[in-house]
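Okay, structure first, notes after.
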Amino acid sequence: MLKLTNNFISKTFHTITSKINIKKRFLFKKNKIYVIYYEHPLAYDNAYINTADKLLSTWRGFNSFVDQWTIEYKNQIGTVKAILLYYGLPLRKKRSSNVRITNLEDLENSSDKRMYYKAGMYHILKDLVYLDDIKFNKILKLLGLTNLIDIRGKPINVKELEEKNLDIDPSIKLEILDFLILIQKIRAIGFGYHD
Amino acid sequence: MENTKLNPFIKVLKLPEIIDHLYRYYLTLKRVLESEQIKDEATKELIKEDIEFLEIEISSLELFYELMANIYRIK
């Protein structure tokens with residue numbers, strides 16, 4: 001009798017937990033904009049997701065990069081609206097008529113991926129000359145160009161990026177920092193930046 | 001890094017260094033474009049956009065420097 005009761009409890013418990021599992025909701029909300037920090041494809045834990053800073057999601061240079069990405073988080077798969085940053089470079093999934101919108105397709109097909117990345121980053125960062133209210137450190141954080149892990153958020157897997165050949169060396173960040181410092185110097189001179 | 005406390009005179013003195021730095025980027029990108037190492041149009045177009053920005057920025061800063069140099073009698 002006791003064994004039967006135990007079996008019954010165990011089965012009921014299993015049914016309840018499996019139902020809870022089925023109903024377990026995808027953590028990321030449809031109406032929110034996220035930022036995905038993506039690095040070298042072969043790097044361990046190469047993608048992280050976080051809620052996009054308001055500045056990033058409303059900044060004219062960045063809001064056109066919001067795209068739907070399929071992500072896997074803790075064995076759950078779903079889509080999110082996000083700005084994907086590959087070493088800081090925003091990438092849409094597909095090519096559009098606007099060459100300024102850097103994208104995964106063009107990066108993959110580029111004859112010089114490193115150059116595509118750099119030219120794309122210069123293009124994005126040059127707008128900072130005219131933005132007078134963003135601090136240098138804030139830019140570094142927004143673009144994930146710092147090594148601070150805390151801003152990157154939750155580790156995920158981005159389905160569209162599986163088995164992609166985006167071979168760019170992580171040292172590229174240093175070259176971008178040099179350009180960013182130059183832009184900052186122009187702002188400090190007073191071209192677009194005022195105290 | 002926020003270098004906004006500099007007085008205008010010091011800012012002007014820093015201009016040639018900044019223009020020179022911009023010019024190095026400009027030359028590098030020009031060289032890459034002319035070397036034909038880039039085969040795809042997307043990368044070429046991005047580089048052209050950057051070159052255009054650098055040209056505008058360099059000439060504006062040069063003009064600004066000329067103006068300020070006259071005011072501060074640097075030359």
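In the structure tokens, chains take letters A, B, ... by order of appearance, with residues numbered from 1 within each chain and ligands from 1 in the order shown.
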Legend entry - Contacts of region 45-62 of chain B within 9 Å, only C-alpha atoms, excl. fewer than 6 positions in-chain, as a list in words: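 In the requested form, the answer reads Val99, Arg100, Thr102, Met115, Tyr116, Lys118, Ala119, Gly120, Tyr122, His123, Lys126, Ile186 and Phe191 of chain A; Leu15, Pro16, Ile18, Ile19, Asp20, Leu22, Tyr23, Tyr25, Tyr26, Leu27, Leu29, Lys30, Val32 and Leu33 of chain B.
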Inset, instruction - Check every residue of chain B for an atom within 6 Å of chain A, counting only C-alpha atoms, and provide those that qualify as a PyMOL selection string. - result: chain B and resi 3-4+11+38-40+43+46-47+50
Take the residues just selected and output them with N, CA and C atoms as a PDB file, in the first residue's frame.
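Now in part-v1.pdb:
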ATOM      1  N   ASN B   3      38.657  65.498 -22.243  1.00  0.00           N
ATOM      2  CA  ASN B   3      39.685  66.517 -22.240  1.00  0.00           C
ATOM      3  C   ASN B   3      39.089  67.909 -22.458  1.00  0.00           C
ATOM      4  N   THR B   4      38.040  68.200 -21.699  1.00  0.00           N
ATOM      5  CA  THR B   4      37.295  69.412 -22.010  1.00  0.00           C
ATOM      6  C   THR B   4      37.722  70.607 -21.174  1.00  0.00           C
ATOM      7  N   LYS B  11      44.133  73.941 -26.710  1.00  0.00           N
ATOM      8  CA  LYS B  11      43.372  73.169 -27.704  1.00  0.00           C
ATOM      9  C   LYS B  11      43.923  73.428 -29.105  1.00  0.00           C
ATOM     10  N   ILE B  38      40.920  44.878 -52.031  1.00  0.00           N
ATOM     11  CA  ILE B  38      39.507  44.649 -51.702  1.00  0.00           C
ATOM     12  C   ILE B  38      38.755  44.334 -52.990  1.00  0.00           C
ATOM     13  N   LYS B  39      38.132  43.178 -52.998  1.00  0.00           N
ATOM     14  CA  LYS B  39      37.439  42.745 -54.214  1.00  0.00           C
ATOM     15  C   LYS B  39      35.931  43.014 -54.168  1.00  0.00           C
ATOM     16  N   ASP B  40      35.372  43.086 -52.956  1.00  0.00           N
ATOM     17  CA  ASP B  40      33.910  43.208 -52.873  1.00  0.00           C
ATOM     18  C   ASP B  40      33.474  44.665 -52.741  1.00  0.00           C
ATOM     19  N   THR B  43      32.686  46.366 -48.963  1.00  0.00           N
ATOM     20  CA  THR B  43      33.842  46.879 -48.217  1.00  0.00           C
ATOM     21  C   THR B  43      34.366  48.153 -48.866  1.00  0.00           C
ATOM     22  N   LEU B  46      32.156  51.128 -48.007  1.00  0.00           N
ATOM     23  CA  LEU B  46      32.352  51.581 -46.622  1.00  0.00           C
ATOM     24  C   LEU B  46      33.626  52.408 -46.510  1.00  0.00           C
ATOM     25  N   ILE B  47      34.691  51.931 -47.153  1.00  0.00           N
ATOM     26  CA  ILE B  47      35.970  52.646 -47.110  1.00  0.00           C
ATOM     27  C   ILE B  47      35.814  54.030 -47.751  1.00  0.00           C
ATOM     28  N   ASP B  50      34.224  56.412 -45.406  1.00  0.00           N
ATOM     29  CA  ASP B  50      35.162  56.849 -44.356  1.00  0.00           C
ATOM     30  C   ASP B  50      36.138  57.891 -44.895  1.00  0.00           C
TER      31      ASP B  50
END
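Among the candidate residues A:Gly144, A:Glu175, A:Lys138, A:Leu27, the one lying nearest to Gly78 (chain A) is A:Leu27, with distances computed using only C-alpha atoms.
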Legend entry - Non-local contacts of region 61-69 of chain A (8 Å; only C-alpha atoms; under 5 positions in same chain excluded) as a list in words: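 Close residues of region 61-69 of chain A: Ile33, Leu56, Thr79, Val80, Lys81, Ala82, Ile83, Leu84, Pro90, Leu91, Arg92, Lys93, Ile101, Ile124, Asp127, Val158, Lys159 and Glu160 of chain A.
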Inset, instruction - May I ask for the distance between CA of Leu177 (chain A) and CA of Tyr87 (chain A), given in Å to one decimal place? - result: 11.4 Å
Inset, instruction - Per DSSP on the backbone, filter region 2-177 of chain A down to the residues in alpha helix (DSSP H) and report them as a ChimeraX atom specification. - result: /A:2-23,54-58,60-63,104-109,113-126,136-143,172-177
Write a file of the selected residues as a PDB file, in the first residue's frame, keeping C-alpha atoms.
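Once written, result.pdb looks like this:
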ATOM      1  CA  LEU A   2       2.782   2.333   0.990  1.00  0.00           C
ATOM      2  CA  LYS A   3       4.632   1.488  -2.218  1.00  0.00           C
ATOM      3  CA  LEU A   4       1.526   2.279  -4.281  1.00  0.00           C
ATOM      4  CA  THR A   5       1.088   5.599  -2.524  1.00  0.00           C
ATOM      5  CA  ASN A   6       4.730   6.460  -3.096  1.00  0.00           C
ATOM      6  CA  ASN A   7       4.396   5.568  -6.782  1.00  0.00           C
ATOM      7  CA  PHE A   8       1.301   7.708  -7.068  1.00  0.00           C
ATOM      8  CA  ILE A   9       3.009  10.690  -5.397  1.00  0.00           C
ATOM      9  CA  SER A  10       6.090  10.249  -7.560  1.00  0.00           C
ATOM     10  CA  LYS A  11       4.022  10.085 -10.785  1.00  0.00           C
ATOM     11  CA  THR A  12       1.885  13.078  -9.803  1.00  0.00           C
ATOM     12  CA  PHE A  13       5.017  15.068  -8.918  1.00  0.00           C
ATOM     13  CA  HIS A  14       6.594  14.142 -12.257  1.00  0.00           C
ATOM     14  CA  THR A  15       3.448  15.215 -14.156  1.00  0.00           C
ATOM     15  CA  ILE A  16       3.295  18.527 -12.310  1.00  0.00           C
ATOM     16  CA  THR A  17       6.983  19.307 -12.831  1.00  0.00           C
ATOM     17  CA  SER A  18       6.847  18.365 -16.514  1.00  0.00           C
ATOM     18  CA  LYS A  19       3.806  20.633 -16.944  1.00  0.00           C
ATOM     19  CA  ILE A  20       5.693  23.437 -15.214  1.00  0.00           C
ATOM     20  CA  ASN A  21       8.609  22.811 -17.572  1.00  0.00           C
ATOM     21  CA  ILE A  22       6.345  23.024 -20.607  1.00  0.00           C
ATOM     22  CA  LYS A  23       4.839  26.253 -19.369  1.00  0.00           C
ATOM     23  CA  LYS A  54      18.281  53.310 -23.747  1.00  0.00           C
ATOM     24  CA  LEU A  55      20.950  55.346 -25.464  1.00  0.00           C
ATOM     25  CA  LEU A  56      21.953  52.460 -27.717  1.00  0.00           C
ATOM     26  CA  SER A  57      18.403  51.615 -28.748  1.00  0.00           C
ATOM     27  CA  THR A  58      17.499  55.233 -29.517  1.00  0.00           C
ATOM     28  CA  ARG A  60      20.175  57.239 -34.653  1.00  0.00           C
ATOM     29  CA  GLY A  61      23.320  55.415 -35.683  1.00  0.00           C
ATOM     30  CA  PHE A  62      22.248  52.239 -33.923  1.00  0.00           C
ATOM     31  CA  ASN A  63      18.482  51.919 -33.971  1.00  0.00           C
ATOM     32  CA  LEU A 104      26.496  39.560 -41.511  1.00  0.00           C
ATOM     33  CA  GLU A 105      26.102  38.720 -45.199  1.00  0.00           C
ATOM     34  CA  ASP A 106      28.573  41.356 -46.411  1.00  0.00           C
ATOM     35  CA  LEU A 107      31.022  40.591 -43.618  1.00  0.00           C
ATOM     36  CA  GLU A 108      30.999  36.904 -44.500  1.00  0.00           C
ATOM     37  CA  ASN A 109      31.478  37.586 -48.204  1.00  0.00           C
ATOM     38  CA  LYS A 113      36.902  40.774 -43.256  1.00  0.00           C
ATOM     39  CA  ARG A 114      39.284  42.721 -41.067  1.00  0.00           C
ATOM     40  CA  MET A 115      39.004  45.736 -43.362  1.00  0.00           C
ATOM     41  CA  TYR A 116      35.215  45.453 -43.576  1.00  0.00           C
ATOM     42  CA  TYR A 117      35.100  45.403 -39.791  1.00  0.00           C
ATOM     43  CA  LYS A 118      37.423  48.405 -39.426  1.00  0.00           C
ATOM     44  CA  ALA A 119      35.709  50.491 -42.111  1.00  0.00           C
ATOM     45  CA  GLY A 120      32.339  49.688 -40.520  1.00  0.00           C
ATOM     46  CA  MET A 121      33.550  50.669 -37.075  1.00  0.00           C
ATOM     47  CA  TYR A 122      35.050  53.944 -38.310  1.00  0.00           C
ATOM     48  CA  HIS A 123      31.740  54.698 -39.951  1.00  0.00           C
ATOM     49  CA  ILE A 124      29.798  54.127 -36.756  1.00  0.00           C
ATOM     50  CA  LEU A 125      32.262  55.882 -34.464  1.00  0.00           C
ATOM     51  CA  LYS A 126      32.675  58.978 -36.606  1.00  0.00           C
ATOM     52  CA  PHE A 136      34.044  58.234 -23.578  1.00  0.00           C
ATOM     53  CA  ASN A 137      33.781  55.481 -20.951  1.00  0.00           C
ATOM     54  CA  LYS A 138      30.085  55.130 -21.644  1.00  0.00           C
ATOM     55  CA  ILE A 139      30.820  54.526 -25.334  1.00  0.00           C
ATOM     56  CA  LEU A 140      33.325  51.817 -24.467  1.00  0.00           C
ATOM     57  CA  LYS A 141      30.771  50.112 -22.253  1.00  0.00           C
ATOM     58  CA  LEU A 142      27.925  50.442 -24.746  1.00  0.00           C
ATOM     59  CA  LEU A 143      29.955  48.828 -27.493  1.00  0.00           C
ATOM     60  CA  ILE A 172      41.288  44.308 -33.522  1.00  0.00           C
ATOM     61  CA  LYS A 173      39.758  46.014 -30.475  1.00  0.00           C
ATOM     62  CA  LEU A 174      43.036  47.867 -29.856  1.00  0.00           C
ATOM     63  CA  GLU A 175      43.023  49.381 -33.346  1.00  0.00           C
ATOM     64  CA  ILE A 176      39.472  50.545 -32.808  1.00  0.00           C
ATOM     65  CA  LEU A 177      40.416  52.099 -29.482  1.00  0.00           C
TER      66      LEU A 177
END
Legend entry - Straight-line distance linking CA of Ala42 (chain B) with CA of Thr70 (chain A), stated in Å to one decimal: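 For CA of Ala42 (chain B) relative to CA of Thr70 (chain A), the distance reads 25.3 Å.
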Inset, instruction - Based on DSSP run over this structure's backbone, return all residues of region 15-148 of chain A in strand (DSSP E), as a ChimeraX atom specification. - result: /A:33-38,47-51,67-73,76-86,89-91
Can you write out the residues you just picked, keeping N, CA and C atoms, as a CSV table (one decimal), in the first residue's frame?
chain,number,residue,atom,x,y,z
A,33,ILE,N,14.2,45.7,-26.3
A,33,ILE,CA,15.3,45.6,-27.3
A,33,ILE,C,16.5,45.2,-26.4
A,34,TYR,N,17.2,44.2,-27.0
A,34,TYR,CA,18.4,43.7,-26.3
A,34,TYR,C,19.7,44.0,-27.1
A,35,VAL,N,20.8,43.8,-26.4
A,35,VAL,CA,22.1,43.9,-27.1
A,35,VAL,C,22.8,42.6,-27.0
A,36,ILE,N,23.3,42.1,-28.1
A,36,ILE,CA,24.0,40.8,-28.0
A,36,ILE,C,25.5,41.1,-28.3
A,37,TYR,N,26.3,40.8,-27.3
A,37,TYR,CA,27.8,41.0,-27.5
A,37,TYR,C,28.3,39.7,-28.0
A,38,TYR,N,28.9,39.7,-29.2
A,38,TYR,CA,29.3,38.5,-29.9
A,38,TYR,C,30.8,38.7,-30.2
A,47,ALA,N,29.0,34.5,-26.8
A,47,ALA,CA,27.9,35.5,-27.0
A,47,ALA,C,27.2,35.7,-25.6
A,48,TYR,N,26.8,37.0,-25.4
A,48,TYR,CA,26.1,37.4,-24.2
A,48,TYR,C,25.0,38.3,-24.6
A,49,ILE,N,24.0,38.3,-23.7
A,49,ILE,CA,22.8,39.2,-24.0
A,49,ILE,C,22.5,40.0,-22.8
A,50,ASN,N,22.1,41.2,-23.1
A,50,ASN,CA,21.7,42.1,-22.0
A,50,ASN,C,20.6,43.1,-22.5
A,51,THR,N,19.9,43.7,-21.7
A,51,THR,CA,18.9,44.7,-22.1
A,51,THR,C,19.7,45.9,-22.7
A,67,ASP,N,17.4,43.9,-35.1
A,67,ASP,CA,17.0,42.8,-35.9
A,67,ASP,C,16.5,41.6,-35.1
A,68,GLN,N,15.9,40.7,-35.7
A,68,GLN,CA,15.4,39.5,-34.9
A,68,GLN,C,16.5,38.4,-34.9
A,69,TRP,N,16.8,38.0,-33.8
A,69,TRP,CA,17.8,36.9,-33.7
A,69,TRP,C,17.3,35.7,-32.9
A,70,THR,N,17.7,34.6,-33.3
A,70,THR,CA,17.2,33.4,-32.6
A,70,THR,C,18.3,33.0,-31.6
A,71,ILE,N,17.9,32.9,-30.4
A,71,ILE,CA,18.9,32.6,-29.4
A,71,ILE,C,18.5,31.4,-28.5
A,72,GLU,N,19.5,30.7,-28.0
A,72,GLU,CA,19.3,29.6,-27.1
A,72,GLU,C,19.9,30.0,-25.7
A,73,TYR,N,19.0,29.9,-24.7
A,73,TYR,CA,19.4,30.3,-23.3
A,73,TYR,C,18.9,29.2,-22.4
A,76,GLN,N,16.5,26.7,-23.8
A,76,GLN,CA,15.2,27.3,-24.4
A,76,GLN,C,15.6,28.1,-25.6
A,77,ILE,N,14.8,27.9,-26.7
A,77,ILE,CA,15.1,28.6,-27.9
A,77,ILE,C,14.0,29.6,-28.2
A,78,GLY,N,14.3,30.8,-28.6
A,78,GLY,CA,13.3,31.8,-28.9
A,78,GLY,C,13.9,33.0,-29.7
A,79,THR,N,13.1,33.9,-30.1
A,79,THR,CA,13.7,35.0,-30.9
A,79,THR,C,13.6,36.3,-30.0
A,80,VAL,N,14.6,37.2,-30.2
A,80,VAL,CA,14.6,38.4,-29.5
A,80,VAL,C,14.9,39.6,-30.6
A,81,LYS,N,14.4,40.8,-30.2
A,81,LYS,CA,14.8,41.9,-31.0
A,81,LYS,C,16.0,42.5,-30.4
A,82,ALA,N,17.1,42.5,-31.2
A,82,ALA,CA,18.4,42.9,-30.5
A,82,ALA,C,19.3,43.6,-31.5
A,83,ILE,N,20.2,44.3,-31.0
A,83,ILE,CA,21.4,44.9,-31.8
A,83,ILE,C,22.5,44.0,-31.5
A,84,LEU,N,23.0,43.3,-32.6
A,84,LEU,CA,24.1,42.4,-32.4
A,84,LEU,C,25.4,43.1,-32.6
A,85,LEU,N,26.3,43.1,-31.7
A,85,LEU,CA,27.6,43.8,-31.8
A,85,LEU,C,28.7,42.7,-31.9
A,86,TYR,N,29.4,42.7,-33.0
A,86,TYR,CA,30.5,41.8,-33.2
A,86,TYR,C,31.8,42.6,-32.9
A,89,LEU,N,30.9,46.1,-33.5
A,89,LEU,CA,30.4,46.5,-34.8
A,89,LEU,C,28.9,45.9,-34.9
A,90,PRO,N,27.9,46.8,-35.1
A,90,PRO,CA,26.6,46.4,-35.2
A,90,PRO,C,26.4,45.6,-36.6
A,91,LEU,N,25.7,44.5,-36.5
A,91,LEU,CA,25.5,43.8,-37.7
A,91,LEU,C,24.0,43.4,-37.9
